[in-house]
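Structure data follow from data.txt (compact mmCIF, C-alpha atoms):
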# COMPACT_ATOMS: atom_id res chain seq x y z
CA MET Z 30 10.15 27.92 -22.70
CA TYR Z 31 7.74 25.00 -22.43
CA ASN Z 32 4.04 25.57 -22.99
CA PHE Z 33 1.21 23.78 -21.23
CA GLN Z 34 0.71 21.21 -23.99
CA GLN Z 35 4.38 20.19 -23.93
CA ILE Z 36 4.36 19.82 -20.14
CA ARG Z 37 1.14 17.80 -20.30
CA HIS Z 38 2.59 15.53 -23.02
CA PHE Z 39 5.75 14.98 -20.97
CA ILE Z 40 3.79 14.06 -17.82
CA THR Z 41 1.31 11.77 -19.58
CA VAL Z 42 3.48 10.20 -22.30
CA ASP Z 43 7.23 10.93 -22.38
CA LEU Z 44 7.75 10.33 -18.66
CA TRP Z 45 6.36 6.78 -18.96
CA HIS Z 46 8.40 5.98 -22.06
CA THR Z 47 11.60 6.59 -20.07
CA THR Z 48 12.56 3.45 -18.17
CA ASP Z 49 15.47 2.93 -15.78
CA ASP Z 50 17.43 0.87 -18.29
CA THR Z 51 17.37 3.79 -20.76
CA ILE Z 52 18.76 6.36 -18.29
CA VAL Z 53 22.53 6.35 -17.67
CA SER Z 54 22.71 9.22 -15.16
CA LYS Z 55 21.76 8.20 -11.60
CA THR Z 56 20.69 11.77 -10.82
CA LYS Z 57 18.35 11.89 -13.81
CA ARG Z 58 17.02 8.44 -12.90
CA LEU Z 59 16.25 9.66 -9.38
CA ILE Z 60 14.53 12.81 -10.70
CA TYR Z 61 12.35 10.75 -13.06
CA SER Z 62 11.50 8.34 -10.24
CA VAL Z 63 10.42 11.21 -7.98
CA LEU Z 64 8.30 12.71 -10.77
CA LYS Z 65 6.63 9.35 -11.44
CA THR Z 66 5.91 8.94 -7.73
CA ILE Z 67 4.33 12.39 -7.54
CA VAL Z 68 2.20 11.86 -10.65
CA LEU Z 69 1.01 8.41 -9.54
CA SER Z 70 0.28 9.64 -6.01
CA ILE Z 71 -1.87 12.48 -7.36
CA ARG Z 72 -3.66 10.08 -9.69
CA GLY Z 73 -4.23 7.65 -6.83
CA PHE Z 74 -5.51 10.45 -4.59
CA LEU Z 75 -8.10 11.42 -7.20
CA ASP Z 76 -9.01 7.99 -8.61
CA LYS Z 77 -9.25 6.19 -5.25
CA ASP Z 78 -11.09 9.01 -3.44
CA LEU Z 79 -8.59 9.14 -0.57
CA ASN Z 80 -10.26 12.19 0.92
CA ILE Z 81 -13.52 10.28 1.26
CA ARG Z 82 -11.70 7.24 2.65
CA ALA Z 83 -9.97 9.49 5.20
CA GLY Z 84 -13.38 10.76 6.29
CA GLY Z 85 -14.56 7.17 6.73
CA LEU Z 86 -11.50 6.32 8.81
CA THR Z 87 -12.02 9.42 10.94
CA TYR Z 88 -15.61 8.41 11.58
CA ALA Z 89 -14.52 4.88 12.52
CA LEU Z 90 -11.73 6.21 14.74
CA ILE Z 91 -14.11 8.47 16.71
CA PHE Z 92 -16.19 5.44 17.68
CA ALA Z 93 -13.16 3.21 18.30
CA ILE Z 94 -10.87 5.61 20.18
CA VAL Z 95 -12.35 4.88 23.61
CA PRO Z 96 -12.30 1.05 23.22
CA ILE Z 97 -8.77 1.19 21.79
CA LEU Z 98 -7.49 3.37 24.63
CA ALA Z 99 -9.31 1.08 27.08
CA MET Z 100 -7.48 -1.95 25.71
CA VAL Z 101 -4.14 -0.11 25.61
CA LEU Z 102 -4.60 1.17 29.17
CA ALA Z 103 -5.56 -2.31 30.37
CA VAL Z 104 -2.40 -3.74 28.81
CA ALA Z 105 -0.30 -0.91 30.28
CA LYS Z 106 -1.73 -1.46 33.76
CA GLY Z 107 -1.07 -5.16 33.39
CA PHE Z 108 2.61 -4.39 32.84
CA GLY Z 109 2.59 -1.88 35.69
CA PHE Z 110 3.06 1.35 33.77
CA GLY Z 111 -0.49 2.67 33.42
CA GLU Z 112 0.49 6.00 34.99
CA VAL Z 113 3.35 6.41 32.49
CA LEU Z 114 0.86 5.97 29.66
CA GLU Z 115 -1.44 8.65 31.09
CA VAL Z 116 1.49 11.05 31.47
CA GLN Z 117 2.49 10.43 27.86
CA LEU Z 118 -1.05 11.18 26.68
CA GLN Z 119 -1.09 14.34 28.77
CA ASN Z 120 2.18 15.48 27.18
CA SER Z 121 0.93 14.73 23.67
CA PHE Z 122 -1.09 16.88 21.31
CA LEU Z 123 -4.30 15.65 22.96
CA GLY Z 124 -3.08 17.07 26.25
CA GLN Z 125 -2.69 20.48 24.66
CA MET Z 126 -6.39 20.45 23.78
CA ASN Z 127 -7.39 19.55 27.35
CA VAL Z 128 -9.38 16.54 26.14
CA VAL Z 129 -7.31 13.85 27.88
CA PRO Z 130 -9.25 14.05 31.21
CA MET Z 131 -12.53 13.75 29.31
CA ILE Z 132 -11.29 10.81 27.20
CA MET Z 133 -9.74 9.06 30.20
CA GLY Z 134 -13.03 9.49 32.05
CA PHE Z 135 -14.80 7.72 29.19
CA VAL Z 136 -12.12 5.02 29.19
CA GLN Z 137 -12.40 4.41 32.93
CA ARG Z 138 -16.19 4.15 32.77
CA TYR Z 139 -15.86 1.82 29.79
CA LEU Z 140 -13.49 -0.39 31.77
CA ASP Z 141 -15.83 -0.38 34.76
CA THR Z 142 -18.76 -1.59 32.65
CA THR Z 143 -16.74 -4.44 31.14
CA GLN Z 144 -15.04 -5.53 34.32
CA GLY Z 145 -15.87 -8.28 36.74
CA GLY Z 146 -12.53 -8.95 38.29
CA ALA Z 147 -11.33 -9.17 34.68
CA PHE Z 148 -12.70 -8.44 31.23
CA ILE Z 149 -15.69 -10.78 30.88
CA GLY Z 150 -19.05 -11.16 29.23
CA VAL Z 151 -20.81 -9.00 26.71
CA GLY Z 152 -18.79 -5.89 27.52
CA LEU Z 153 -15.58 -7.63 26.52
CA ILE Z 154 -17.11 -8.89 23.27
CA ILE Z 155 -18.29 -5.38 22.35
CA LEU Z 156 -14.91 -3.92 23.21
CA LEU Z 157 -13.00 -6.50 21.14
CA TRP Z 158 -15.40 -6.10 18.22
CA ALA Z 159 -15.03 -2.30 18.23
CA VAL Z 160 -11.24 -2.59 18.16
CA TYR Z 161 -11.31 -5.35 15.52
CA SER Z 162 -13.70 -3.41 13.27
CA PHE Z 163 -11.53 -0.30 13.29
CA PHE Z 164 -8.28 -2.09 12.50
CA ARG Z 165 -10.06 -4.12 9.82
CA THR Z 166 -11.28 -0.88 8.22
CA VAL Z 167 -7.71 0.41 8.19
CA GLU Z 168 -6.42 -2.81 6.60
CA GLN Z 169 -9.15 -2.75 3.95
CA SER Z 170 -8.24 0.84 3.07
CA PHE Z 171 -4.59 -0.10 2.63
CA ASN Z 172 -5.48 -3.20 0.59
CA GLN Z 173 -7.66 -1.12 -1.73
CA ILE Z 174 -4.80 1.32 -2.27
CA TRP Z 175 -2.52 -1.61 -3.12
CA ASN Z 176 -5.19 -3.27 -5.32
CA VAL Z 177 -5.10 -6.34 -3.08
CA GLN Z 178 -8.33 -8.31 -3.45
CA GLN Z 179 -7.93 -10.82 -0.62
CA SER Z 180 -7.59 -9.87 3.05
CA ARG Z 181 -5.88 -11.90 5.74
CA SER Z 182 -7.86 -14.56 7.57
CA ALA Z 183 -9.91 -13.40 10.59
CA LEU Z 184 -7.58 -15.31 12.95
CA ARG Z 185 -4.47 -13.71 11.43
CA GLN Z 186 -6.09 -10.28 11.62
CA MET Z 187 -7.00 -10.71 15.28
CA MET Z 188 -3.46 -11.85 16.15
CA ASN Z 189 -1.98 -8.83 14.38
CA TYR Z 190 -4.33 -6.41 16.10
CA ILE Z 191 -3.63 -7.85 19.54
CA PHE Z 192 0.09 -7.51 18.83
CA ILE Z 193 -0.44 -3.84 17.93
CA LEU Z 194 -2.36 -3.21 21.16
CA PHE Z 195 0.53 -4.71 23.14
CA LEU Z 196 3.09 -2.77 21.12
CA ILE Z 197 1.55 0.72 21.54
CA PRO Z 198 2.02 1.05 25.33
CA ILE Z 199 5.49 -0.49 25.14
CA LEU Z 200 6.58 2.09 22.54
CA MET Z 201 5.14 4.92 24.62
CA VAL Z 202 7.04 3.73 27.68
CA VAL Z 203 10.25 3.36 25.66
CA THR Z 204 9.80 6.92 24.37
CA SER Z 205 9.31 8.19 27.90
CA GLY Z 206 12.32 6.21 29.12
CA LEU Z 207 14.57 7.56 26.40
CA SER Z 208 13.51 11.11 27.21
CA ILE Z 209 14.38 10.55 30.87
CA LEU Z 210 17.68 8.91 29.88
CA ILE Z 211 18.66 11.87 27.71
CA ASN Z 212 17.82 14.25 30.54
CA THR Z 213 19.75 12.35 33.22
CA ALA Z 214 22.69 11.58 30.98
CA THR Z 215 23.36 15.29 30.50
CA ASN Z 216 22.54 16.48 34.01
CA GLY Z 217 25.44 18.20 35.68
CA TRP Z 218 26.75 19.42 32.34
CA GLU Z 219 24.21 22.19 31.79
CA HIS Z 220 26.96 24.77 32.12
CA ILE Z 221 28.35 23.57 28.86
CA LEU Z 222 26.18 25.31 26.29
CA LEU Z 223 26.89 22.76 23.55
CA VAL Z 224 25.74 19.81 25.66
CA HIS Z 225 22.59 21.68 26.61
CA HIS Z 226 21.76 22.29 22.97
CA VAL Z 227 22.50 18.64 22.13
CA LYS Z 228 20.08 17.47 24.82
CA ILE Z 229 17.33 19.82 23.67
CA GLY Z 230 17.94 18.76 20.06
CA LEU Z 231 17.70 15.07 20.92
CA LEU Z 232 14.49 15.58 22.88
CA ARG Z 233 12.92 17.47 19.99
CA PHE Z 234 14.16 15.00 17.38
CA LEU Z 235 13.03 11.88 19.25
CA PRO Z 236 9.30 12.17 18.36
CA PHE Z 237 10.23 12.45 14.68
CA VAL Z 238 12.27 9.23 14.84
CA PHE Z 239 9.45 7.29 16.47
CA ALA Z 240 6.92 8.72 14.01
CA TRP Z 241 9.14 7.64 11.09
CA ALA Z 242 9.59 4.15 12.52
CA ALA Z 243 5.92 3.66 13.40
CA ILE Z 244 4.56 4.85 10.05
CA THR Z 245 7.17 2.89 8.09
CA TRP Z 246 6.17 -0.23 9.98
CA MET Z 247 2.49 0.47 9.18
CA TYR Z 248 3.19 0.69 5.45
CA MET Z 249 5.07 -2.61 5.52
CA ALA Z 250 2.83 -4.61 7.86
CA ILE Z 251 -0.76 -3.57 7.14
CA PRO Z 252 -1.24 -4.29 3.39
CA ASN Z 253 -1.73 -8.00 2.65
CA THR Z 254 1.15 -7.99 0.18
CA LYS Z 255 4.92 -7.79 0.26
CA VAL Z 256 6.07 -4.17 0.57
CA ARG Z 257 9.75 -3.47 0.09
CA PHE Z 258 11.53 -1.52 2.83
CA VAL Z 259 12.58 1.33 0.56
CA SER Z 260 8.98 1.69 -0.64
CA ALA Z 261 7.82 2.09 2.96
CA VAL Z 262 10.61 4.11 4.56
CA ILE Z 263 10.52 7.04 2.10
CA PRO Z 264 6.82 7.85 2.64
CA GLY Z 265 7.30 6.90 6.30
CA VAL Z 266 9.84 9.70 6.75
CA VAL Z 267 7.82 12.19 4.67
CA ILE Z 268 4.48 11.52 6.37
CA GLY Z 269 6.07 11.13 9.82
CA THR Z 270 7.63 14.58 9.46
CA LEU Z 271 4.37 16.11 8.23
CA PHE Z 272 2.52 14.41 11.08
CA GLN Z 273 4.77 16.01 13.68
CA LEU Z 274 4.58 19.40 11.96
CA LEU Z 275 0.78 19.12 11.91
CA GLN Z 276 0.79 18.58 15.67
CA MET Z 277 3.01 21.63 16.17
CA LEU Z 278 0.74 23.74 13.97
CA SER Z 279 -2.33 22.51 15.83
CA VAL Z 280 -0.77 23.50 19.16
CA TYR Z 281 -0.28 27.07 17.88
CA ILE Z 282 -3.90 27.12 16.71
CA ILE Z 283 -5.05 25.93 20.13
CA VAL Z 284 -3.09 28.69 21.85
CA PHE Z 285 -4.55 31.26 19.45
CA LEU Z 286 -8.12 30.06 19.99
CA SER Z 287 -7.67 29.94 23.75
CA ARG Z 288 -6.61 33.58 23.70
CA THR Z 289 -9.34 34.84 21.40
CA SER Z 290 -12.17 32.41 22.33
CA VAL Z 291 -13.78 33.10 18.97
CA VAL Z 292 -16.51 31.14 17.21
CA TYR Z 293 -16.52 28.00 19.37
CA GLY Z 294 -15.24 29.41 22.65
CA ALA Z 295 -14.71 26.65 25.20
CA PHE Z 296 -15.71 24.02 22.61
CA ALA Z 297 -12.95 25.01 20.18
CA SER Z 298 -11.01 21.82 20.92
CA ILE Z 299 -13.77 19.58 19.53
CA PRO Z 300 -13.77 20.74 15.88
CA LEU Z 301 -10.00 21.07 16.05
CA LEU Z 302 -9.72 17.45 17.23
CA LEU Z 303 -11.94 16.32 14.35
CA MET Z 304 -9.86 18.32 11.85
CA TRP Z 305 -6.65 16.86 13.27
CA LEU Z 306 -8.01 13.31 12.99
CA GLN Z 307 -9.22 13.94 9.43
CA TRP Z 308 -5.90 15.36 8.29
CA SER Z 309 -3.91 12.65 10.09
CA CYS Z 310 -5.92 9.90 8.42
CA LEU Z 311 -5.61 11.63 5.05
CA MET Z 312 -1.82 11.94 5.39
CA ILE Z 313 -1.50 8.27 6.36
CA LEU Z 314 -3.50 7.21 3.28
CA VAL Z 315 -1.55 9.56 0.99
CA GLY Z 316 1.65 8.00 2.35
CA ALA Z 317 0.27 4.53 1.57
CA GLU Z 318 -0.44 5.69 -1.98
CA MET Z 319 3.14 7.01 -2.20
CA SER Z 320 4.43 3.64 -1.03
CA TYR Z 321 2.37 1.87 -3.71
CA SER Z 322 3.55 4.35 -6.36
CA ILE Z 323 7.24 3.89 -5.50
CA GLN Z 324 7.01 0.09 -5.69
CA ASN Z 325 4.82 -0.13 -8.81
CA GLN Z 326 6.16 2.58 -11.10
CA GLU Z 327 7.16 0.00 -13.69
CA GLU Z 328 3.54 -1.18 -13.96
CA TYR Z 329 2.64 2.17 -15.55
CA GLU Z 330 5.37 2.31 -18.21
CA TYR Z 331 3.85 2.58 -21.71
CA GLU Z 332 0.43 2.47 -20.03
CA LYS Z 333 -1.40 4.25 -22.85
CA GLU Z 334 0.14 2.03 -25.53
CA LEU Z 335 -0.51 -1.16 -23.57
CA ASN Z 336 -4.20 -0.29 -23.31
CA THR Z 337 -4.44 0.17 -27.10
CA MET Z 338 -1.96 -2.51 -28.20
CA SER Z 339 -2.88 -4.51 -31.30
CA ARG Z 340 -3.47 -8.24 -30.94
CA ARG Z 341 -0.75 -8.99 -33.51
CA TYR Z 342 1.92 -7.05 -31.63
CA GLN Z 343 0.81 -8.57 -28.33
CA ASP Z 344 1.05 -12.09 -29.77
CA GLY Z 345 4.42 -11.32 -31.36
CA VAL Z 346 5.95 -10.08 -28.09
CA MET Z 347 4.43 -13.05 -26.25
CA LEU Z 348 6.07 -15.51 -28.66
CA TYR Z 349 9.41 -13.66 -28.35
CA ILE Z 350 9.29 -13.90 -24.54
CA LEU Z 351 8.49 -17.61 -24.85
CA GLN Z 352 11.49 -18.03 -27.19
CA VAL Z 353 13.78 -16.31 -24.65
CA ILE Z 354 12.58 -18.67 -21.89
CA ILE Z 355 12.96 -21.75 -24.13
CA ARG Z 356 16.52 -20.86 -25.17
CA ARG Z 357 17.61 -20.30 -21.56
CA PHE Z 358 16.07 -23.63 -20.61
CA GLU Z 359 17.80 -25.50 -23.47
CA GLN Z 360 21.13 -23.90 -22.54
CA ASP Z 361 20.61 -24.94 -18.91
CA GLU Z 362 20.67 -21.35 -17.67
CA THR Z 363 18.95 -20.09 -14.53
CA PRO Z 364 15.31 -19.24 -15.23
CA LEU Z 365 14.30 -15.59 -15.02
CA THR Z 366 11.53 -13.77 -13.19
CA ALA Z 367 9.10 -11.58 -15.13
CA HIS Z 368 10.89 -8.50 -13.80
CA GLN Z 369 14.27 -9.83 -14.96
CA ILE Z 370 12.90 -10.59 -18.41
CA ALA Z 371 11.48 -7.07 -18.61
CA GLN Z 372 14.82 -5.53 -17.65
CA GLN Z 373 16.87 -7.74 -19.97
CA GLU Z 374 14.64 -7.21 -23.00
CA HIS Z 375 13.72 -3.55 -22.27
CA LEU Z 376 10.02 -4.38 -22.02
CA PRO Z 377 7.35 -2.93 -19.72
CA THR Z 378 7.04 -5.07 -16.57
CA ARG Z 379 3.25 -4.96 -16.70
CA MET Z 380 3.32 -6.33 -20.24
CA VAL Z 381 5.65 -9.20 -19.35
CA ASN Z 382 3.57 -10.11 -16.30
CA LEU Z 383 0.44 -10.21 -18.46
CA LEU Z 384 1.98 -12.37 -21.19
CA VAL Z 385 3.83 -14.90 -19.01
CA GLY Z 386 0.67 -15.18 -16.93
CA ARG Z 387 -1.32 -16.02 -20.05
CA LEU Z 388 1.24 -18.62 -21.19
CA THR Z 389 1.15 -20.15 -17.71
CA ASP Z 390 -2.65 -20.30 -17.70
CA VAL Z 391 -2.71 -22.27 -20.97
CA GLY Z 392 -0.05 -24.72 -19.82
CA ILE Z 393 2.85 -23.56 -22.02
CA LEU Z 394 4.93 -22.25 -19.09
CA ARG Z 395 5.16 -23.27 -15.46
CA GLU Z 396 6.17 -21.32 -12.39
CA VAL Z 397 9.39 -22.36 -10.68
CA PHE Z 398 10.76 -21.09 -7.37
CA VAL Z 399 14.55 -20.72 -7.45
CA GLU Z 400 16.64 -20.46 -4.30
CA GLY Z 401 17.72 -16.89 -3.70
CA GLU Z 402 14.84 -15.41 -5.71
CA GLU Z 403 11.81 -14.00 -3.91
CA ASP Z 404 9.65 -13.92 -7.05
CA LYS Z 405 8.66 -16.91 -9.15
CA THR Z 406 10.59 -17.71 -12.31
CA TYR Z 407 9.36 -19.36 -15.52
CA GLN Z 408 10.29 -22.49 -17.48
CA PRO Z 409 8.63 -24.43 -20.33
CA ALA Z 410 5.89 -26.76 -19.11
CA LEU Z 411 6.22 -28.98 -22.22
CA ASP Z 412 8.97 -30.61 -24.22
CA THR Z 413 10.38 -27.68 -26.20
CA HIS Z 414 10.24 -29.78 -29.39
CA LEU Z 415 6.45 -29.84 -29.07
CA ILE Z 416 6.01 -26.09 -28.70
CA THR Z 417 5.08 -24.88 -32.19
CA LEU Z 418 3.53 -21.62 -33.32
CA ASP Z 419 0.30 -23.43 -34.06
CA LEU Z 420 0.16 -25.03 -30.58
CA VAL Z 421 0.70 -21.71 -28.83
CA GLU Z 422 -1.80 -19.84 -30.99
CA GLN Z 423 -4.42 -22.58 -30.59
CA ARG Z 424 -4.11 -22.66 -26.81
CA VAL Z 425 -4.13 -18.88 -26.45
CA ALA Z 426 -7.01 -18.46 -28.91
CA THR Z 427 -9.17 -21.02 -27.11
CA GLN Z 428 -8.41 -19.82 -23.59
CA GLY Z 429 -11.50 -18.72 -21.73
CA ALA Z 430 -15.20 -19.51 -21.82
CA GLU Z 431 -16.94 -20.62 -25.05
CA LEU Z 432 -20.44 -21.77 -25.99
CA PHE Z 433 -21.95 -20.24 -22.88
CA ILE Z 434 -25.04 -18.81 -24.65
CA LEU Z 435 -27.93 -20.98 -23.43
CA ASN Z 436 -30.23 -20.50 -26.43
CA PRO Z 437 -28.15 -19.52 -29.49
CA THR Z 438 -30.03 -18.86 -32.69
CA PRO Z 439 -29.68 -21.57 -35.36
CA ALA Z 440 -27.81 -19.06 -37.54
CA LEU Z 441 -25.25 -18.35 -34.81
CA GLN Z 442 -24.76 -22.06 -34.05
CA SER Z 443 -24.31 -22.84 -37.75
CA PHE Z 444 -21.85 -19.98 -38.22
CA TRP Z 445 -19.81 -21.09 -35.19
CA ASN Z 446 -19.56 -24.70 -36.45
CA ASN Z 447 -18.52 -23.57 -39.91
CA TYR Z 448 -15.97 -21.14 -38.45
CA VAL Z 449 -14.34 -23.82 -36.26
CA ASN Z 450 -14.24 -26.32 -39.14
CA ALA Z 451 -12.72 -23.73 -41.45
CA LYS Z 452 -9.98 -22.97 -38.92
CA LYS Z 453 -9.18 -26.70 -38.67
CA SER Z 454 -9.30 -27.60 -42.36
CA HIS Z 455 -7.51 -24.63 -43.92
CA SER Z 456 -3.82 -23.96 -43.43
CA THR Z 457 -4.52 -20.45 -44.62
CA LEU Z 458 -7.76 -18.52 -44.37
CA ASP Z 459 -7.11 -16.06 -47.20
CA LYS Z 460 -9.36 -18.09 -49.52
CA VAL Z 461 -12.18 -18.43 -47.04
CA TYR Z 462 -14.85 -15.80 -47.62
CA LEU Z 463 -16.88 -14.64 -44.66
CA ARG Z 464 -20.14 -14.67 -46.69
CA ASP Z 465 -19.65 -18.41 -47.32
CA LEU Z 466 -19.51 -19.42 -43.63
As structure tokens - that is how I would like this structure written.
Amino acid sequence: MYNFQQIRHFITVDLWHTTDDTIVSKTKRLIYSVLKTIVLSIRGFLDKDLNIRAGGLTYALIFAIVPILAMVLAVAKGFGFGEVLEVQLQNSFLGQMNVVPMIMGFVQRYLDTTQGGAFIGVGLIILLWAVYSFFRTVEQSFNQIWNVQQSRSALRQMMNYIFILFLIPILMVVTSGLSILINTATNGWEHILLVHHVKIGLLRFLPFVFAWAAITWMYMAIPNTKVRFVSAVIPGVVIGTLFQLLQMLSVYIIVFLSRTSVVYGAFASIPLLLMWLQWSCLMILVGAEMSYSIQNQEEYEYEKELNTMSRRYQDGVMLYILQVIIRRFEQDETPLTAHQIAQQEHLPTRMVNLLVGRLTDVGILREVFVEGEEDKTYQPALDTHLITLDLVEQRVATQGAELFILNPTPALQSFWNNYVNAKKSHSTLDKVYLRDL
């Protein structure tokens, strides 16, 4: 029987010492991967304050929902299926709360104030800015989860957001069309019980499929980084399922409140709508954190040890990695990516990325793009006969800013000069006493 300390040690230490290349069983590898994803997702939820970010998104969505629906409705009417869009909204969770007429009233008035035969003038600018600001807030939230520092350009962002606004009504119409197709395709066969159950099952399953597809696409498209499909589809299915279940639960709550009329009475739909938006935003962000955790598990292997690693061991591993790259180059073998080096040498990926990045910064290695490889590979940037231990250590030791103190004391300046000269003039420093510098 495991005690709390053993479980804690396994979660914080042993789990991250177990890498894929050390596990033979595929089942055990999958179990460890799931555990790592859960642990990293919980850490991300706490460290990145996802609950607070979800509240911020909810606040932004409340102000942007009318402009967004106005744009979507305008696009839908332009394609000739505005009524289909309204029917879809009425049949959705919002329709169950009887807020669609109120929202559509706001939307219509918003369109009237920005219309002059077409969208023109200040009203259009305000509408576009409201939509842009909301989607930009969403993208920034995803980038922060993925630790991406640089966002897309404003032009690229605007193009993506316009594409989304065109895509939403098209997807809603496709959903409606598929529902009608399933109904008509099985009409006349209702007497066959099996066919009837198949039709009902397809109709109930269809929203889940579209939720999975839409959320998976969000996790791949919104962050300004490359997200692998498997890293997006797993949380897409999980969060898409929870999203649909949340809607079903909310419908039952609405029915209960409408029967009891307690606390809020006729206004019960308003706090419920806010709660639904808050929980929806939170689930979406948690799914994004799951996506990040699935793709970056290797970055957290030996995390505790990497943060406390000695300089000697770090330099030794760095020189070994450089030797591996040099030997492959001299034998005319295909250069490796940092991930491939980590797998081949059973090293943490984060550690290899750090060390090859440092060697690249000081001009010892250079990045090479090989056909068929998505990631960059590494080769020597110098003649391998010139790469000595002293050259590497000198370049690494002098990397970064020096002599940036504007007014050093005479004692500090004298010590620095003596230290540099001692390093140059002595092959070994074991005879150089610190008190003599």
Expressed in Å, the length from atom CA of Z:Asn325 to atom CA of Z:Met312 is 19.8 Å
Contacts of Z:Val259 at 10 Å or less, counting only C-alpha atoms, minus same-chain residues fewer than 3 places along, as a list of chain:residue names?
Z:Thr245, Z:Met249, Z:Val256, Z:Val262, Z:Ile263, Z:Pro264, Z:Gly265, Z:Ser320, Z:Ile323, Z:Gln324
With C-alpha atoms retained, could you export that selection as a CSV table (one decimal), keeping the file's coordinate frame?
chain,number,residue,atom,x,y,z
Z,245,THR,CA,7.2,2.9,8.1
Z,249,MET,CA,5.1,-2.6,5.5
Z,256,VAL,CA,6.1,-4.2,0.6
Z,262,VAL,CA,10.6,4.1,4.6
Z,263,ILE,CA,10.5,7.0,2.1
Z,264,PRO,CA,6.8,7.8,2.6
Z,265,GLY,CA,7.3,6.9,6.3
Z,320,SER,CA,4.4,3.6,-1.0
Z,323,ILE,CA,7.2,3.9,-5.5
Z,324,GLN,CA,7.0,0.1,-5.7
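Candidate residues Z:Ala99, Z:Ile94, Z:Asn436, Z:Ile174 were compared for distance to Z:Leu75, and the nearest is Z:Ile174, using all atoms listed in the file.
The environment of Z:Ile393 within 7 Å, counting only C-alpha atoms and disregarding residues fewer than 2 places along the same chain, consists of Leu388, Thr389, Val391, Arg395, Pro409, Ala410 and Leu411 of chain Z.
Rounded to one decimal, atom CA of Z:Ser180 and atom CA of Z:Asn253 lie 6.2 Å from each other.
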Test item: residues at most 12 Å from Z:Arg464, all atoms listed in the file, excluding those fewer than 3 positions along its chain, as a short mmCIF file (atom, residue, chain, number, x, y, z; two decimals) with C-alpha atoms, keeping the file's coordinate frame:
data_model
loop_
_atom_site.label_atom_id
_atom_site.label_comp_id
_atom_site.auth_asym_id
_atom_site.auth_seq_id
_atom_site.Cartn_x
_atom_site.Cartn_y
_atom_site.Cartn_z
CA PHE Z 444 -21.85 -19.98 -38.22
CA ASN Z 447 -18.52 -23.57 -39.91
CA TYR Z 448 -15.97 -21.14 -38.45
CA LYS Z 460 -9.36 -18.09 -49.52
CA VAL Z 461 -12.18 -18.43 -47.04
#
All residues 9 Å or closer to Z:Phe358, all atoms listed in the file, same chain fewer than 4 positions away omitted, as a PyMOL selection string:
chain Z and resi 353-354+362-364+408-409+413
So how many Å separate atom CA of Z:Thr427 and atom CA of Z:Gln442, to one decimal?
17.1 Å
Neighbours of stretch 337-350 of chain Z within 8 Å (all atoms listed in the file; same-chain residues fewer than 4 positions away dropped), as an MDAnalysis selection string?
chainID Z and resid 333 354 370 381 384:385
Give the answer as one residue: which of Z:Ala451, Z:Val421, Z:Leu86, Z:Ala261 has the shortest atom-to-atom distance to Z:Asp390, using all atoms listed in the file?
Z:Val421
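Considering the residues Z:Leu301, Z:Ala93, Z:Val177, Z:Ala426 and counting all atoms listed in the file, Z:Ile251 has its shortest atom-to-atom contact with Z:Val177.
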With only C-alpha atoms as the atoms that count, which of Z:Thr41, Z:Asn172, Z:Gln276, Z:Ser443 lies nearest to Z:Leu69?
Z:Thr41
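Nearest to Z:Leu271 of all the residues Z:Leu102, Z:Phe258, Z:Phe234, Z:Ile313 is Z:Ile313, based on only C-alpha atoms.
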Which protein, DNA or RNA residues have an atom at most 10 Å from (-3.2, 4.9, 1.8), counting only C-alpha atoms? List them as number ranges by chain.
Z: 70, 73-74, 77, 79, 82-83, 167-175, 248, 252, 310-321
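Minimum distance to Z:Gln423 across Z:Ile244, Z:Thr270, Z:Asn336, Z:Lys453 (counting only C-alpha atoms) occurs at Z:Lys453.
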Atoms added to stretch 389-396 of chain Z (N, CA and C atoms), reported as a PDB file, keeping the file's coordinate frame:
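Done, and the output landed in selection08.pdb:
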ATOM      1  N   THR Z 389       1.247 -19.222 -18.828  1.00  0.00           N
ATOM      2  CA  THR Z 389       1.150 -20.150 -17.710  1.00  0.00           C
ATOM      3  C   THR Z 389      -0.266 -20.712 -17.591  1.00  0.00           C
ATOM      4  N   ASP Z 390      -1.255 -19.872 -17.801  1.00  0.00           N
ATOM      5  CA  ASP Z 390      -2.650 -20.300 -17.700  1.00  0.00           C
ATOM      6  C   ASP Z 390      -2.998 -21.372 -18.733  1.00  0.00           C
ATOM      7  N   VAL Z 391      -2.385 -21.298 -19.912  1.00  0.00           N
ATOM      8  CA  VAL Z 391      -2.710 -22.270 -20.970  1.00  0.00           C
ATOM      9  C   VAL Z 391      -1.784 -23.471 -20.959  1.00  0.00           C
ATOM     10  N   GLY Z 392      -0.885 -23.544 -19.971  1.00  0.00           N
ATOM     11  CA  GLY Z 392      -0.050 -24.720 -19.820  1.00  0.00           C
ATOM     12  C   GLY Z 392       1.198 -24.752 -20.681  1.00  0.00           C
ATOM     13  N   ILE Z 393       1.610 -23.613 -21.227  1.00  0.00           N
ATOM     14  CA  ILE Z 393       2.850 -23.560 -22.020  1.00  0.00           C
ATOM     15  C   ILE Z 393       4.050 -23.333 -21.106  1.00  0.00           C
ATOM     16  N   LEU Z 394       3.875 -22.510 -20.083  1.00  0.00           N
ATOM     17  CA  LEU Z 394       4.930 -22.250 -19.090  1.00  0.00           C
ATOM     18  C   LEU Z 394       4.484 -22.756 -17.732  1.00  0.00           C
ATOM     19  N   ARG Z 395       5.452 -22.924 -16.854  1.00  0.00           N
ATOM     20  CA  ARG Z 395       5.160 -23.270 -15.460  1.00  0.00           C
ATOM     21  C   ARG Z 395       6.022 -22.407 -14.549  1.00  0.00           C
ATOM     22  N   GLU Z 396       5.466 -22.141 -13.373  1.00  0.00           N
ATOM     23  CA  GLU Z 396       6.170 -21.320 -12.390  1.00  0.00           C
ATOM     24  C   GLU Z 396       7.148 -22.183 -11.597  1.00  0.00           C
TER      25      GLU Z 396
END
